[in-house]
file run-v7.pdb (PDB, C-alpha atoms)
ATOM      1  CA  MET Z  22      42.040-193.742 151.015
ATOM      2  CA  THR Z  23      41.401-191.188 153.701
ATOM      3  CA  PRO Z  24      43.262-187.959 154.413
ATOM      4  CA  GLY Z  25      46.280-188.655 156.539
ATOM      5  CA  SER Z  26      46.918-192.109 155.133
ATOM      6  CA  TYR Z  27      49.606-192.994 152.635
ATOM      7  CA  ALA Z  28      49.494-195.126 149.528
ATOM      8  CA  PRO Z  29      52.673-195.864 147.642
ATOM      9  CA  THR Z  30      52.551-195.221 143.936
ATOM     10  CA  SER Z  31      52.696-198.573 142.215
ATOM     11  CA  PHE Z  32      51.643-200.038 138.927
ATOM     12  CA  ASP Z  33      48.337-201.127 140.506
ATOM     13  CA  ALA Z  34      47.701-197.620 141.878
ATOM     14  CA  ALA Z  35      48.570-196.134 138.503
ATOM     15  CA  SER Z  36      46.220-198.530 136.748
ATOM     16  CA  SER Z  37      43.319-197.866 139.106
ATOM     17  CA  ALA Z  38      43.765-194.088 138.910
ATOM     18  CA  CYS Z  39      43.844-194.218 135.119
ATOM     19  CA  ASP Z  40      40.738-196.425 135.129
ATOM     20  CA  TRP Z  41      39.002-193.987 137.517
ATOM     21  CA  LEU Z  42      39.826-191.184 135.084
ATOM     22  CA  GLY Z  43      38.553-193.157 132.117
ATOM     23  CA  TYR Z  44      42.070-193.536 130.769
ATOM     24  CA  THR Z  45      41.833-197.265 130.093
ATOM     25  CA  ASP Z  46      43.586-197.237 126.729
ATOM     26  CA  VAL Z  47      47.031-196.683 128.270
ATOM     27  CA  PRO Z  48      49.463-199.504 127.513
ATOM     28  CA  ALA Z  49      51.487-200.765 130.483
ATOM     29  CA  THR Z  50      54.671-199.171 129.162
ATOM     30  CA  ALA Z  51      53.004-195.762 129.215
ATOM     31  CA  MET Z  52      52.196-196.010 132.930
ATOM     32  CA  TYR Z  53      55.399-194.143 133.710
ATOM     33  CA  TRP Z  54      53.913-191.109 131.951
ATOM     34  CA  ALA Z  55      50.642-191.544 133.825
ATOM     35  CA  ARG Z  56      52.452-191.577 137.191
ATOM     36  CA  SER Z  57      53.040-187.881 136.811
ATOM     37  CA  LEU Z  58      50.178-185.903 138.308
ATOM     38  CA  ARG Z  59      51.077-183.201 135.831
ATOM     39  CA  GLY Z  60      50.190-185.758 133.182
ATOM     40  CA  LEU Z  61      46.937-186.453 135.006
ATOM     41  CA  ARG Z  62      46.250-182.719 135.194
ATOM     42  CA  LEU Z  63      46.758-182.574 131.451
ATOM     43  CA  ARG Z  64      44.250-185.440 131.184
ATOM     44  CA  PHE Z  65      41.772-183.401 133.261
ATOM     45  CA  LEU Z  66      42.173-180.457 130.922
ATOM     46  CA  ASP Z  67      41.930-182.755 127.918
ATOM     47  CA  THR Z  68      38.622-184.086 129.313
ATOM     48  CA  GLU Z  69      37.474-180.521 129.957
ATOM     49  CA  ALA Z  70      38.137-179.846 126.280
ATOM     50  CA  ASP Z  71      35.306-182.240 125.427
ATOM     51  CA  THR Z  72      32.861-179.777 126.961
ATOM     52  CA  PRO Z  73      30.916-177.389 124.696
ATOM     53  CA  GLU Z  74      33.913-175.053 124.640
ATOM     54  CA  GLY Z  75      35.678-177.689 122.537
ATOM     55  CA  ARG Z  76      39.174-179.086 122.298
ATOM     56  CA  GLU Z  77      40.495-175.579 121.773
ATOM     57  CA  THR Z  78      40.230-175.051 125.543
ATOM     58  CA  TYR Z  79      42.988-177.559 126.161
ATOM     59  CA  ALA Z  80      45.368-176.105 123.611
ATOM     60  CA  LEU Z  81      44.834-172.534 124.761
ATOM     61  CA  TYR Z  82      44.856-172.902 128.541
ATOM     62  CA  ALA Z  83      46.767-176.003 129.753
ATOM     63  CA  PRO Z  84      50.185-174.415 130.532
ATOM     64  CA  PHE Z  85      48.620-171.315 132.119
ATOM     65  CA  VAL Z  86      46.151-173.227 134.304
ATOM     66  CA  ILE Z  87      48.672-175.852 135.463
ATOM     67  CA  ALA Z  88      51.132-173.124 136.523
ATOM     68  CA  LEU Z  89      48.353-171.151 138.229
ATOM     69  CA  VAL Z  90      47.209-174.187 140.249
ATOM     70  CA  GLY Z  91      50.798-174.870 141.334
ATOM     71  CA  PHE Z  92      51.104-171.297 142.635
ATOM     72  CA  ALA Z  93      47.679-171.583 144.314
ATOM     73  CA  LYS Z  94      48.853-174.620 146.262
ATOM     74  CA  GLY Z  95      51.924-172.704 147.413
ATOM     75  CA  GLU Z  96      49.701-169.922 148.711
ATOM     76  CA  GLY Z  97      47.340-172.378 150.389
ATOM     77  CA  ILE Z  98      44.217-171.474 148.429
ATOM     78  CA  GLY Z  99      41.410-173.604 149.779
ATOM     79  CA  CYS Z 100      43.158-174.529 153.036
ATOM     80  CA  LEU Z 101      44.886-171.410 154.414
ATOM     81  CA  VAL Z 102      42.971-168.731 152.554
ATOM     82  CA  PRO Z 103      39.541-168.750 150.908
ATOM     83  CA  ASP Z 104      39.231-169.831 147.288
ATOM     84  CA  THR Z 105      38.040-166.571 145.746
ATOM     85  CA  GLU Z 106      38.345-165.216 142.241
ATOM     86  CA  ASP Z 107      40.314-162.215 143.550
ATOM     87  CA  ARG Z 108      42.966-164.525 145.012
ATOM     88  CA  TRP Z 109      43.396-166.265 141.657
ATOM     89  CA  TRP Z 110      43.804-162.905 139.911
ATOM     90  CA  ASP Z 111      46.336-161.821 142.549
ATOM     91  CA  LEU Z 112      48.404-164.908 141.711
ATOM     92  CA  VAL Z 113      48.232-164.179 137.986
ATOM     93  CA  GLU Z 114      49.443-160.644 138.575
ATOM     94  CA  HIS Z 115      52.076-161.486 141.200
ATOM     95  CA  HIS Z 116      53.694-164.229 139.119
ATOM     96  CA  GLY Z 117      53.302-162.434 135.800
ATOM     97  CA  LEU Z 118      51.366-165.296 134.228
ATOM     98  CA  TYR Z 119      50.198-164.752 130.690
ATOM     99  CA  LEU Z 120      48.603-166.743 127.908
ATOM    100  CA  GLU Z 121      50.754-167.294 124.854
ATOM    101  CA  ASN Z 122      47.873-167.324 122.398
ATOM    102  CA  GLN Z 123      46.156-164.020 121.611
ATOM    103  CA  GLU Z 124      42.807-165.831 121.256
ATOM    104  CA  ALA Z 125      42.892-167.019 124.865
ATOM    105  CA  GLU Z 126      41.148-164.996 127.557
ATOM    106  CA  PRO Z 127      42.770-164.824 131.005
ATOM    107  CA  ALA Z 128      39.313-164.848 132.614
ATOM    108  CA  ARG Z 129      38.643-168.288 131.099
ATOM    109  CA  GLY Z 130      41.934-169.608 132.495
ATOM    110  CA  VAL Z 131      41.074-168.244 135.940
ATOM    111  CA  GLU Z 132      37.650-169.907 135.624
ATOM    112  CA  ILE Z 133      39.176-173.323 134.860
ATOM    113  CA  ALA Z 134      41.883-173.213 137.577
ATOM    114  CA  PRO Z 135      39.652-173.721 140.656
ATOM    115  CA  ARG Z 136      38.057-176.766 138.999
ATOM    116  CA  LEU Z 137      41.516-178.218 138.355
ATOM    117  CA  LEU Z 138      42.522-177.540 141.978
ATOM    118  CA  ALA Z 139      39.386-179.315 143.252
ATOM    119  CA  TRP Z 140      39.998-182.247 140.910
ATOM    120  CA  SER Z 141      43.660-182.431 141.927
ATOM    121  CA  ASN Z 142      42.598-182.544 145.601
ATOM    122  CA  GLU Z 143      40.245-185.451 144.846
ATOM    123  CA  VAL Z 144      42.947-187.363 142.983
ATOM    124  CA  ALA Z 145      45.389-186.770 145.847
ATOM    125  CA  LEU Z 146      43.008-188.703 148.107
ATOM    126  CA  THR Z 147      43.644-191.761 145.915
ATOM    127  CA  GLY Z 148      47.396-191.493 146.456
ATOM    128  CA  TRP Z 149      48.378-189.431 143.419
ATOM    129  CA  LEU Z 150      50.550-186.613 144.726
ATOM    130  CA  ASP Z 151      52.875-184.338 142.829
ATOM    131  CA  PHE Z 152      55.559-182.022 144.190
ATOM    132  CA  ASP Z 153      53.085-179.185 144.872
ATOM    133  CA  ASP Z 154      50.732-181.567 146.695
ATOM    134  CA  GLN Z 155      53.319-182.758 149.189
ATOM    135  CA  PRO Z 156      53.300-179.616 151.368
ATOM    136  CA  TYR Z 157      49.787-178.509 150.349
ATOM    137  CA  CYS Z 158      48.064-181.720 151.434
ATOM    138  CA  VAL Z 159      49.791-181.675 154.832
ATOM    139  CA  VAL Z 160      47.907-178.459 155.597
ATOM    140  CA  LEU Z 161      44.742-179.300 153.628
ATOM    141  CA  TRP Z 162      44.304-182.608 155.456
ATOM    142  CA  LYS Z 163      45.501-181.207 158.800
ATOM    143  CA  LEU Z 164      48.098-183.952 159.191
ATOM    144  CA  ARG Z 165      49.870-184.221 162.522
ATOM    145  CA  LEU Z 166      53.571-183.535 162.413
ATOM    146  CA  TRP Z 167      56.320-184.311 164.881
ATOM    147  CA  GLN Z 168      56.322-181.413 167.345
ATOM    148  CA  ASN Z 169      59.658-179.675 168.003
ATOM    149  CA  ASP Z 170      60.845-177.191 170.622
ATOM    150  CA  ILE Z 171      62.809-175.333 167.961
ATOM    151  CA  VAL Z 172      62.196-175.019 164.219
ATOM    152  CA  VAL Z 173      64.788-173.312 162.023
ATOM    153  CA  ILE Z 174      64.055-172.067 158.499
ATOM    154  CA  ASP Z 175      66.978-171.132 156.282
ATOM    155  CA  GLU Z 176      66.415-169.062 153.135
ATOM    156  CA  ALA Z 177      63.137-167.923 154.681
ATOM    157  CA  GLN Z 178      62.629-165.356 151.915
ATOM    158  CA  ASP Z 179      61.936-168.285 149.567
ATOM    159  CA  THR Z 180      59.233-169.936 151.685
ATOM    160  CA  SER Z 181      55.635-169.953 150.585
ATOM    161  CA  ALA Z 182      52.588-169.507 152.784
ATOM    162  CA  ILE Z 183      52.047-173.263 152.811
ATOM    163  CA  ARG Z 184      55.635-173.947 153.920
ATOM    164  CA  ARG Z 185      55.344-171.365 156.698
ATOM    165  CA  ALA Z 186      52.169-173.109 157.866
ATOM    166  CA  ILE Z 187      54.010-176.433 157.965
ATOM    167  CA  ALA Z 188      56.773-174.861 160.062
ATOM    168  CA  ARG Z 189      54.137-173.679 162.556
ATOM    169  CA  LEU Z 190      52.555-177.158 162.604
ATOM    170  CA  ALA Z 191      55.958-178.654 163.450
ATOM    171  CA  LEU Z 192      56.438-176.300 166.410
ATOM    172  CA  LYS Z 193      55.412-177.278 169.926
ATOM    173  CA  PRO Z 194      53.201-174.780 171.768
ATOM    174  CA  GLY Z 195      55.590-172.283 173.343
ATOM    175  CA  GLY Z 196      58.400-173.397 171.026
ATOM    176  CA  ARG Z 197      60.713-171.075 169.107
ATOM    177  CA  LEU Z 198      60.774-170.496 165.375
ATOM    178  CA  TYR Z 199      63.963-169.062 163.892
ATOM    179  CA  ALA Z 200      63.776-167.833 160.306
ATOM    180  CA  VAL Z 201      66.924-166.701 158.532
ATOM    181  CA  GLY Z 202      66.679-164.967 155.197
ATOM    182  CA  ASP Z 203      67.726-162.058 153.043
ATOM    183  CA  ASP Z 204      64.932-159.718 151.961
ATOM    184  CA  LYS Z 205      67.168-158.451 149.152
ATOM    185  CA  GLN Z 206      66.957-161.908 147.551
ATOM    186  CA  ALA Z 207      63.188-162.123 147.665
TER     187      ALA Z 207
END
call {"tool": "encode", "arguments": {"input": "run-v7.pdb", "output": "structure tokens"}}
result
Amino acid sequence: MTPGSYAPTSFDAASSACDWLGYTDVPATAMYWARSLRGLRLRFLDTEADTPEGRETYALYAPFVIALVGFAKGEGIGCLVPDTEDRWWDLVEHHGLYLENQEAEPARGVEIAPRLLAWSNEVALTGWLDFDDQPYCVVLWKLRLWQNDIVVIDEAQDTSAIRRAIARLALKPGGRLYAVGDDKQA
């Protein structure tokens, strides 16, 4: 699959993605779980736990890293802005992310997150998209959108950087963008 193409999620796609990930022991009835990219992200972290750091990595960091990658996609890390360690730390601070276990080190979570983002981008090329990927991949893959003379954004205070980029992509050159929002709700 190439960027810009579409593959419907089907049992065959689920099976091939699970095979690609080495997840061949999944019974057919469990494919519904595997269809969730969040589940596949958990599989990535579970595989990462087999590294020298051990299985403890998975238990300590999975919720933190998955949330951090979701926020990174909303900010366009890797497609709108450079993927730098400072940007990851800004997201941690802005969203008030914390690790529930006292043994976990935030620096380790921030170290794992870019690898999960890169892996998630690779998996998206095979047709596995989650909610965060839908707007993110439009910008990452530079997909062409229908061009409009006017684009209107309601509740603009709730838009992310990636959604603002999509609005600009949907605007014809010389077109008008109207954004309506309430900065007191932000």
call {"tool": "resolve_selection", "arguments": {"input": "run-v7.pdb", "expression": "the PyMOL selection byres ((chain Z and resi 206) around 10)", "output": "list in words"}}
result
Glu176, Gln178, Asp179, Gly202, Asp203, Asp204, Lys205 and Ala207 of chain Z
call {"tool": "residues_around", "arguments": {"input": "run-v7.pdb", "residues": "stretch 111-122 of chain Z", "least_positions_apart": "3", "cutoff": "10 Å", "atoms": "all atoms listed in the file", "output": "MDAnalysis selection string"}}
result
chainID Z and resid 80:86 88:90 92:93 96 106:108 125:127 130:131
call {"tool": "residues_around", "arguments": {"input": "run-v7.pdb", "residues": "Z:Gly196", "least_positions_apart": "5", "cutoff": "9 Å", "atoms": "all atoms listed in the file", "output": "list in words"}}
result
Asn169, Asp170, Ile171 and Val172 of chain Z
call {"tool": "closest_residue", "arguments": {"input": "run-v7.pdb", "among": "Z:Ala139, Z:Leu150, Z:Ala134, Z:Leu101", "to": "Z:Arg184", "atoms": "only C-alpha atoms"}}
result
Z:Leu101
call {"tool": "resolve_selection", "arguments": {"input": "run-v7.pdb", "expression": "the PyMOL selection byres ((chain Z and resi 185) around 12)", "output": "number ranges by chain"}}
result
Z: 95-97, 101, 156-157, 159-160, 172-184, 186-192, 198-200
call {"tool": "atom_distance", "arguments": {"input": "run-v7.pdb", "atom1": "atom CA of Z:Trp149", "atom2": "atom CA of Z:Leu164"}}
result
16.7 Å
call {"tool": "atom_distance", "arguments": {"input": "run-v7.pdb", "atom1": "atom CA of Z:Leu146", "atom2": "atom CA of Z:Pro194"}}
result
29.3 Å
call {"tool": "atom_distance", "arguments": {"input": "run-v7.pdb", "atom1": "atom CA of Z:Leu138", "atom2": "atom CA of Z:Leu166"}}
result
24.0 Å
